[in-house]
file target.cif (mmCIF, C-alpha atoms)
data_run
loop_
_atom_site.label_atom_id
_atom_site.label_comp_id
_atom_site.auth_asym_id
_atom_site.auth_seq_id
_atom_site.Cartn_x
_atom_site.Cartn_y
_atom_site.Cartn_z
CA MET A 1 52.50 5.06 -130.90
CA THR A 2 48.78 5.68 -130.58
CA GLY A 3 48.38 3.85 -127.28
CA ASP A 4 51.69 4.66 -125.56
CA VAL A 5 51.12 6.16 -122.11
CA LEU A 6 53.67 7.78 -119.82
CA PHE A 7 53.89 6.21 -116.34
CA VAL A 8 55.53 8.24 -113.55
CA ASN A 9 55.94 6.63 -110.13
CA GLN A 10 55.95 8.08 -106.62
CA GLU A 11 59.72 8.42 -106.36
CA GLU A 12 59.98 10.26 -109.69
CA VAL A 13 57.32 12.92 -109.11
CA PRO A 14 59.21 15.21 -106.67
CA GLY A 15 62.07 15.62 -109.14
CA LEU A 16 59.57 16.73 -111.79
CA LEU A 17 57.40 18.96 -109.59
CA ALA A 18 59.62 21.31 -107.59
CA MET A 19 57.78 23.36 -104.98
CA ASP A 20 58.48 26.77 -106.50
CA ALA A 21 57.46 25.54 -109.95
CA CYS A 22 54.32 23.95 -108.53
CA MET A 23 53.39 27.18 -106.74
CA ALA A 24 53.73 29.05 -110.04
CA ALA A 25 51.54 26.45 -111.76
CA MET A 26 48.94 26.72 -108.99
CA GLU A 27 48.83 30.51 -109.35
CA ARG A 28 48.13 30.11 -113.06
CA VAL A 29 45.43 27.46 -112.68
CA LEU A 30 43.64 29.22 -109.79
CA ALA A 31 43.56 32.42 -111.82
CA THR A 32 42.21 30.40 -114.76
CA LEU A 33 39.48 28.99 -112.51
CA ALA A 34 38.59 32.45 -111.19
CA ARG A 35 38.18 33.72 -114.76
CA GLY A 36 35.74 30.88 -115.50
CA ASP A 37 38.04 29.07 -117.92
CA ALA A 38 37.98 25.66 -116.20
CA THR A 39 35.31 23.03 -115.62
CA LEU A 40 35.16 20.83 -112.54
CA PRO A 41 32.28 19.16 -110.72
CA LEU A 42 32.34 18.55 -107.00
CA ARG A 43 34.29 15.44 -106.04
CA THR A 44 32.46 12.15 -105.68
CA ILE A 45 33.30 10.09 -102.59
CA LEU A 46 32.36 6.46 -101.97
CA TRP A 47 32.60 5.88 -98.23
CA LEU A 48 33.50 2.58 -96.62
CA PRO A 49 31.45 1.39 -93.62
CA GLU A 50 31.83 3.59 -90.52
CA LYS A 51 33.63 6.07 -92.82
CA ALA A 52 36.85 4.18 -92.11
CA GLY A 53 38.03 5.16 -95.57
CA GLY A 54 36.91 6.81 -98.75
CA PHE A 55 37.31 6.38 -102.50
CA GLY A 56 37.30 9.67 -104.36
CA LEU A 57 36.89 10.69 -108.00
CA MET A 58 37.96 14.22 -108.97
CA PRO A 59 37.66 15.11 -112.70
CA SER A 60 38.27 18.44 -114.44
CA LEU A 61 38.85 20.09 -117.80
CA LEU A 62 41.37 22.84 -118.61
CA PRO A 63 40.50 23.96 -122.15
CA THR A 64 43.22 26.61 -122.23
CA GLU A 65 45.81 23.90 -121.51
CA LYS A 66 44.13 21.41 -123.88
CA VAL A 67 44.01 18.73 -121.18
CA LEU A 68 41.50 17.00 -118.96
CA GLY A 69 41.97 14.45 -116.27
CA VAL A 70 40.85 12.77 -113.10
CA LYS A 71 42.41 11.94 -109.78
CA VAL A 72 41.30 8.57 -108.44
CA ILE A 73 42.30 8.28 -104.83
CA THR A 74 41.64 6.48 -101.58
CA PHE A 75 41.71 8.22 -98.21
CA PHE A 76 42.39 6.11 -95.11
CA PRO A 77 43.06 8.30 -92.02
CA LYS A 78 44.23 5.33 -89.96
CA ASN A 79 47.28 5.05 -92.21
CA GLU A 80 48.76 8.13 -90.56
CA GLY A 81 51.97 7.12 -88.81
CA THR A 82 52.24 3.81 -90.69
CA GLU A 83 54.30 2.80 -93.74
CA LEU A 84 51.39 3.83 -96.00
CA ASP A 85 50.21 7.34 -96.84
CA THR A 86 46.67 8.40 -95.96
CA HIS A 87 46.10 9.29 -99.66
CA GLN A 88 46.88 6.76 -102.43
CA GLY A 89 45.94 6.60 -106.07
CA ALA A 90 46.71 7.93 -109.53
CA VAL A 91 46.11 10.97 -111.71
CA LEU A 92 45.07 10.13 -115.27
CA LEU A 93 45.91 12.83 -117.80
CA PHE A 94 44.20 13.04 -121.20
CA GLU A 95 44.74 15.38 -124.12
CA ALA A 96 41.55 17.28 -124.91
CA ASP A 97 41.69 17.28 -128.72
CA ARG A 98 40.93 13.59 -129.26
CA GLY A 99 40.58 12.24 -125.73
CA ARG A 100 43.79 10.21 -125.71
CA LEU A 101 45.15 9.02 -122.35
CA ILE A 102 48.73 10.34 -122.18
CA ALA A 103 49.90 9.82 -118.60
CA VAL A 104 49.31 7.85 -115.41
CA ILE A 105 51.03 9.52 -112.46
CA ASP A 106 51.23 8.63 -108.78
CA ALA A 107 48.68 10.72 -106.89
CA THR A 108 50.18 10.42 -103.42
CA SER A 109 53.15 12.59 -104.32
CA ILE A 110 51.13 15.02 -106.45
CA THR A 111 48.66 15.51 -103.58
CA ALA A 112 51.46 16.10 -101.08
CA ILE A 113 53.16 18.73 -103.22
CA ARG A 114 50.26 20.57 -104.85
CA THR A 115 48.25 20.87 -101.62
CA ALA A 116 51.16 22.58 -99.93
CA ALA A 117 51.88 24.66 -103.03
CA VAL A 118 48.36 26.12 -102.96
CA SER A 119 48.80 26.95 -99.27
CA GLY A 120 52.10 28.54 -100.23
CA VAL A 121 50.30 30.74 -102.76
CA ALA A 122 47.71 31.67 -100.11
CA THR A 123 50.52 32.50 -97.70
CA LYS A 124 52.19 34.76 -100.27
CA LEU A 125 48.90 36.59 -100.78
CA LEU A 126 47.56 36.76 -97.23
CA ALA A 127 50.29 36.46 -94.60
CA ARG A 128 51.97 39.60 -93.30
CA GLU A 129 55.14 40.46 -95.20
CA ASP A 130 57.13 40.25 -91.94
CA ALA A 131 55.63 36.91 -90.88
CA SER A 132 58.50 34.82 -89.51
CA GLU A 133 57.11 32.31 -86.99
CA LEU A 134 55.34 29.19 -88.24
CA ALA A 135 53.18 26.73 -86.32
CA LEU A 136 52.61 23.27 -87.77
CA ILE A 137 49.85 21.12 -86.33
CA GLY A 138 50.62 17.60 -87.49
CA SER A 139 53.92 15.97 -88.37
CA GLY A 140 53.09 13.86 -91.41
CA VAL A 141 53.61 14.29 -95.14
CA GLN A 142 51.56 17.47 -95.41
CA ALA A 143 53.42 19.08 -92.51
CA ARG A 144 56.68 18.38 -94.31
CA THR A 145 55.55 19.82 -97.65
CA HIS A 146 53.81 22.77 -96.00
CA LEU A 147 57.04 23.68 -94.24
CA GLU A 148 58.75 23.65 -97.64
CA ALA A 149 56.04 25.80 -99.25
CA VAL A 150 55.91 28.37 -96.47
CA LEU A 151 59.70 28.70 -96.62
CA VAL A 152 59.29 29.62 -100.30
CA ALA A 153 56.57 32.15 -99.47
CA ARG A 154 58.11 33.88 -96.43
CA ARG A 155 61.42 34.22 -94.56
CA ILE A 156 60.73 31.97 -91.57
CA ARG A 157 63.13 32.13 -88.65
CA ARG A 158 61.43 29.72 -86.24
CA VAL A 159 59.01 26.79 -86.47
CA ARG A 160 57.04 25.02 -83.75
CA VAL A 161 55.41 21.65 -84.40
CA ALA A 162 52.81 19.74 -82.39
CA SER A 163 51.72 16.20 -83.20
CA GLN A 164 49.72 13.34 -81.73
CA SER A 165 52.73 12.55 -79.57
CA LEU A 166 55.76 14.55 -78.50
CA ASP A 167 58.05 11.80 -79.80
CA ARG A 168 56.62 12.13 -83.31
CA ALA A 169 56.95 15.90 -83.14
CA LYS A 170 60.59 15.54 -82.01
CA ARG A 171 61.43 13.20 -84.87
CA PHE A 172 59.91 15.66 -87.33
CA ALA A 173 61.74 18.58 -85.72
CA ASP A 174 65.12 16.86 -85.82
CA ARG A 175 64.73 15.73 -89.41
CA GLU A 176 63.36 18.98 -90.83
CA SER A 177 65.73 21.24 -88.90
CA ALA A 178 68.62 19.45 -90.58
CA ARG A 179 66.93 19.34 -93.98
CA ARG A 180 65.66 22.93 -94.15
CA GLY A 181 68.29 24.81 -92.14
CA VAL A 182 65.69 26.49 -89.93
CA PRO A 183 65.13 25.82 -86.21
CA VAL A 184 62.15 23.51 -85.68
CA GLN A 185 61.00 23.03 -82.09
CA ALA A 186 58.74 20.20 -80.96
CA VAL A 187 56.09 21.26 -78.44
CA GLU A 188 53.63 19.23 -76.42
CA THR A 189 50.33 20.86 -77.42
CA PRO A 190 48.78 22.67 -80.39
CA ARG A 191 48.25 25.67 -78.15
CA ALA A 192 51.98 25.90 -77.45
CA ALA A 193 52.62 25.87 -81.19
CA VAL A 194 49.92 28.37 -82.17
CA GLU A 195 50.29 31.07 -79.54
CA GLY A 196 52.54 33.79 -80.92
CA ALA A 197 52.74 32.29 -84.41
CA ASP A 198 52.39 34.46 -87.52
CA ILE A 199 51.40 31.56 -89.78
CA VAL A 200 49.52 28.42 -88.71
CA CYS A 201 49.16 25.31 -90.88
CA THR A 202 46.80 22.59 -89.68
CA CYS A 203 47.74 19.31 -91.40
CA THR A 204 45.88 16.65 -89.45
CA SER A 205 43.21 14.00 -89.89
CA ALA A 206 41.32 15.33 -86.87
CA ARG A 207 37.52 15.32 -86.86
CA GLU A 208 37.27 17.71 -83.90
CA PRO A 209 38.98 21.11 -83.53
CA VAL A 210 42.69 21.13 -82.78
CA VAL A 211 43.04 24.94 -82.91
CA GLU A 212 40.97 27.46 -80.94
CA GLY A 213 40.34 31.04 -81.95
CA ALA A 214 41.39 32.28 -78.52
CA TRP A 215 44.96 31.13 -79.21
CA LEU A 216 45.41 33.20 -82.37
CA SER A 217 47.47 36.39 -82.26
CA PRO A 218 46.37 39.49 -84.19
CA GLY A 219 47.67 39.34 -87.75
CA THR A 220 47.89 35.54 -87.94
CA HIS A 221 47.36 33.75 -91.23
CA ILE A 222 45.95 30.19 -91.13
CA ASN A 223 46.11 27.48 -93.78
CA ALA A 224 43.52 24.86 -92.75
CA VAL A 225 44.31 21.78 -94.78
CA GLY A 226 43.42 18.49 -93.13
CA SER A 227 39.63 18.27 -93.36
CA SER A 228 37.79 18.06 -96.69
CA VAL A 229 34.46 16.61 -95.56
CA PRO A 230 31.39 18.28 -93.99
CA PHE A 231 31.51 16.31 -90.74
CA ALA A 232 35.10 17.06 -89.66
CA ARG A 233 37.01 20.22 -88.79
CA GLU A 234 40.36 21.35 -87.41
CA LEU A 235 39.33 24.86 -86.27
CA ASP A 236 36.76 25.77 -83.66
CA THR A 237 33.93 28.17 -84.42
CA ALA A 238 35.67 31.12 -82.74
CA ALA A 239 38.68 30.76 -85.05
CA VAL A 240 36.47 30.91 -88.14
CA VAL A 241 34.35 33.78 -86.84
CA ARG A 242 37.34 36.03 -86.15
CA SER A 243 38.99 35.31 -89.53
CA ARG A 244 38.59 36.74 -93.02
CA LEU A 245 37.79 33.52 -94.87
CA TYR A 246 39.13 32.58 -98.32
CA ALA A 247 38.63 29.40 -100.32
CA ASP A 248 40.25 27.65 -103.23
CA ARG A 249 36.68 27.46 -104.58
CA ARG A 250 33.44 28.77 -103.10
CA GLU A 251 31.30 25.84 -104.23
CA SER A 252 33.65 23.35 -102.63
CA LEU A 253 33.76 25.34 -99.39
CA GLN A 254 29.98 25.57 -99.23
CA ASN A 255 29.50 21.83 -99.77
CA GLU A 256 32.54 20.05 -98.34
CA ALA A 257 34.23 22.08 -95.60
CA GLY A 258 33.28 21.16 -92.05
CA ASP A 259 35.45 24.04 -90.84
CA PHE A 260 32.87 26.35 -92.45
CA LEU A 261 29.68 24.26 -92.51
CA ILE A 262 29.64 23.44 -88.80
CA PRO A 263 29.89 27.11 -87.69
CA LYS A 264 27.30 27.93 -90.35
CA LYS A 265 24.94 25.28 -88.96
CA GLU A 266 25.46 26.81 -85.52
CA GLY A 267 24.38 30.19 -86.92
CA ALA A 268 27.78 31.76 -86.22
CA VAL A 269 28.57 32.57 -89.87
CA SER A 270 26.78 32.72 -93.22
CA ASP A 271 27.88 32.45 -96.84
CA GLY A 272 28.58 36.17 -96.65
CA HIS A 273 31.53 35.38 -94.37
CA ILE A 274 33.43 34.07 -97.42
CA VAL A 275 35.57 36.93 -98.75
CA GLY A 276 36.51 35.18 -101.95
CA GLU A 277 38.71 32.65 -103.71
CA ILE A 278 42.49 32.67 -103.88
CA GLY A 279 42.26 32.96 -107.67
CA GLU A 280 40.05 36.02 -107.29
CA ILE A 281 42.81 37.74 -105.34
CA LEU A 282 45.24 36.85 -108.14
CA ILE A 283 43.05 38.46 -110.83
CA GLY A 284 42.23 41.49 -108.66
CA LYS A 285 38.56 40.65 -108.15
CA VAL A 286 38.68 40.59 -104.32
CA PRO A 287 41.14 42.18 -101.86
CA GLY A 288 43.64 40.25 -99.81
CA ARG A 289 44.96 41.31 -96.41
CA ARG A 290 43.88 44.85 -95.48
CA SER A 291 45.75 45.42 -92.22
CA LYS A 292 48.55 43.95 -90.13
CA ASP A 293 46.16 42.96 -87.33
CA GLU A 294 43.40 41.08 -89.12
CA VAL A 295 43.36 37.28 -89.01
CA THR A 296 43.15 35.59 -92.40
CA LEU A 297 42.09 32.02 -93.08
CA PHE A 298 42.57 29.95 -96.21
CA LYS A 299 40.42 26.83 -96.15
CA SER A 300 41.94 24.30 -98.53
CA LEU A 301 39.69 21.63 -100.03
CA GLY A 302 41.93 20.51 -102.88
CA LEU A 303 40.69 20.80 -106.46
CA SER A 304 41.04 18.49 -109.42
CA VAL A 305 42.24 21.39 -111.59
CA GLU A 306 45.27 21.55 -109.28
CA ASP A 307 45.95 17.85 -109.89
CA VAL A 308 45.49 18.15 -113.65
CA ALA A 309 47.72 21.24 -113.87
CA SER A 310 50.36 19.44 -111.80
CA ALA A 311 50.09 16.35 -113.99
CA LYS A 312 50.54 18.42 -117.16
CA HIS A 313 53.67 20.03 -115.70
CA ILE A 314 55.02 16.60 -114.75
CA TYR A 315 54.20 15.20 -118.19
CA GLU A 316 56.09 17.98 -119.93
CA GLU A 317 59.08 17.72 -117.57
CA ALA A 318 59.17 13.94 -117.88
CA ARG A 319 59.27 14.14 -121.67
CA ARG A 320 61.96 16.82 -121.51
CA THR A 321 64.16 14.90 -119.08
CA GLY A 322 63.46 11.34 -120.20
CA THR A 323 61.96 10.40 -116.83
CA GLY A 324 59.29 7.73 -116.52
CA ARG A 325 58.36 5.01 -118.98
CA PHE A 326 56.13 4.91 -122.04
CA LEU A 327 54.09 1.72 -122.19
CA PRO A 328 51.43 0.59 -124.64
CA LEU A 329 47.95 0.56 -123.15
CA GLY A 330 45.47 0.95 -125.97
CA GLY A 331 43.17 3.59 -127.36
CA GLY A 332 43.42 2.60 -130.99
CA ARG A 333 40.36 1.71 -133.02
CA HIS A 334 39.28 -1.92 -133.15
CA ASP A 335 36.91 -2.71 -136.00
CA ALA A 336 35.02 -5.97 -135.73
CA ASP A 337 35.52 -8.34 -138.66
#

call {"tool": "encode", "arguments": {"input": "target.cif", "output": "structure tokens"}}
result
Amino acid sequence: MTGDVLFVNQEEVPGLLAMDACMAAMERVLATLARGDATLPLRTILWLPEKAGGFGLMPSLLPTEKVLGVKVITFFPKNEGTELDTHQGAVLLFEADRGRLIAVIDATSITAIRTAAVSGVATKLLAREDASELALIGSGVQARTHLEAVLVARRIRRVRVASQSLDRAKRFADRESARRGVPVQAVETPRAAVEGADIVCTCTSAREPVVEGAWLSPGTHINAVGSSVPFARELDTAAVVRSRLYADRRESLQNEAGDFLIPKKEGAVSDGHIVGEIGEILIGKVPGRRSKDEVTLFKSLGLSVEDVASAKHIYEEARRTGTGRFLPLGGGRHDAD
């Protein structure tokens, strides 16, 4: 029917968006973006008082996929460690021919999977081929999905995790060791996790640096994920200065990334420090890693094209498998009598 819309809930999304499939979808959409075949404005954020939480709108258009959409999401850092996720909302998917709403999909699960999937793509492109030791800073949802993505990208033999408390890190280590079949060790400090690691993923809600450049070994690759606002960062200036810096999108990095903007304000780096976008590596426009000793950094901001591409994949899988529910919502013409 004209107004029937597919609804997919939080529990259903992971079965429709497997990590390896999501990574493949992210490669395609980031290459599309790098070729100039996608449209997306910078996200709009409505902040609550004291910046205790935010309400974000992230729209985009993928003409080659004949879809457009928007992620509508709240971000409440204080939810970390509670029964609620820090990110909650929905992705609305529309077909681009006539503007019909075709799906409403839980955004919490999409965000968890696609964010890690993009870091997984960056890891495939930038980490050393022999990278085998992973450091996770944070033990929440993104730490869990980043572990999954990095295991797809590289053969990891050991993982160290640091969290806000050793108990939380131990719970994560016990659970994920059993789930993933790889040794995960809880450590007391971020430094203990980072030193000697080949790949570092920062998945925190920190506003001040949790990783210092002095801790990084030659050849390390970093996925900096947690901060997506100009006033917060997870890496200190030294870590950014010594790294070859890549973005999911230059414009987002230059406007939203405290990990870059704070060192830039200090005069430590300039826009010229940005090597390129992940999609530009995929289409051969910029080089990736050049030597085994250089430190590479992917600064993730999260893009609406990633959400829309994920939603389209989910929509197609849900229709194929009969998952989700079609409900009437509207969209038909109403002529006044």

call {"tool": "resolve_selection", "arguments": {"input": "target.cif", "expression": "the PyMOL selection byres ((chain A and resi 118) around 10)", "output": "CSV table (one decimal) with C-alpha atoms, in the frame of the given file"}}
result
chain,number,residue,atom,x,y,z
A,22,CYS,CA,54.3,24.0,-108.5
A,23,MET,CA,53.4,27.2,-106.7
A,24,ALA,CA,53.7,29.0,-110.0
A,25,ALA,CA,51.5,26.4,-111.8
A,26,MET,CA,48.9,26.7,-109.0
A,27,GLU,CA,48.8,30.5,-109.4
A,30,LEU,CA,43.6,29.2,-109.8
A,113,ILE,CA,53.2,18.7,-103.2
A,114,ARG,CA,50.3,20.6,-104.8
A,115,THR,CA,48.2,20.9,-101.6
A,116,ALA,CA,51.2,22.6,-99.9
A,117,ALA,CA,51.9,24.7,-103.0
A,119,SER,CA,48.8,27.0,-99.3
A,120,GLY,CA,52.1,28.5,-100.2
A,121,VAL,CA,50.3,30.7,-102.8
A,122,ALA,CA,47.7,31.7,-100.1
A,123,THR,CA,50.5,32.5,-97.7
A,124,LYS,CA,52.2,34.8,-100.3
A,146,HIS,CA,53.8,22.8,-96.0
A,149,ALA,CA,56.0,25.8,-99.2
A,223,ASN,CA,46.1,27.5,-93.8
A,248,ASP,CA,40.2,27.6,-103.2
A,278,ILE,CA,42.5,32.7,-103.9
A,298,PHE,CA,42.6,30.0,-96.2
A,300,SER,CA,41.9,24.3,-98.5
A,302,GLY,CA,41.9,20.5,-102.9
A,303,LEU,CA,40.7,20.8,-106.5
A,306,GLU,CA,45.3,21.6,-109.3

call {"tool": "closest_residue", "arguments": {"input": "target.cif", "among": "A:Leu134, A:Ala52, A:Ala173, A:Val240", "to": "Asp198 in chain A", "atoms": "all atoms listed in the file"}}
result
A:Leu134

call {"tool": "residues_near_point", "arguments": {"input": "target.cif", "point": "(37.4, 22.9, -116.8)", "cutoff": "6 Å", "atoms": "all atoms listed in the file", "output": "PyMOL selection string"}}
result
chain A and resi 38-40+60-62

call {"tool": "closest_atom_pairs", "arguments": {"input": "target.cif", "of": "range 42-146 of chain A", "to": "range 210-213 of chain A", "cutoff": "12 Å", "atoms": "only C-alpha atoms", "output": "CSV"}}
result
residue,atom,partner,partner_atom,distance
A:Ala135,CA,A:Val211,CA,10.8
A:Leu136,CA,A:Val211,CA,10.9
A:Ile137,CA,A:Val210,CA,8.0
A:Gly138,CA,A:Val210,CA,9.9

call {"tool": "residues_around", "arguments": {"input": "target.cif", "residues": "range 175-187 of chain A", "least_positions_apart": "2", "cutoff": "12 Å", "atoms": "all atoms listed in the file", "output": "ChimeraX atom specification"}}
result
/A:132-141,143-152,155-173,189-195
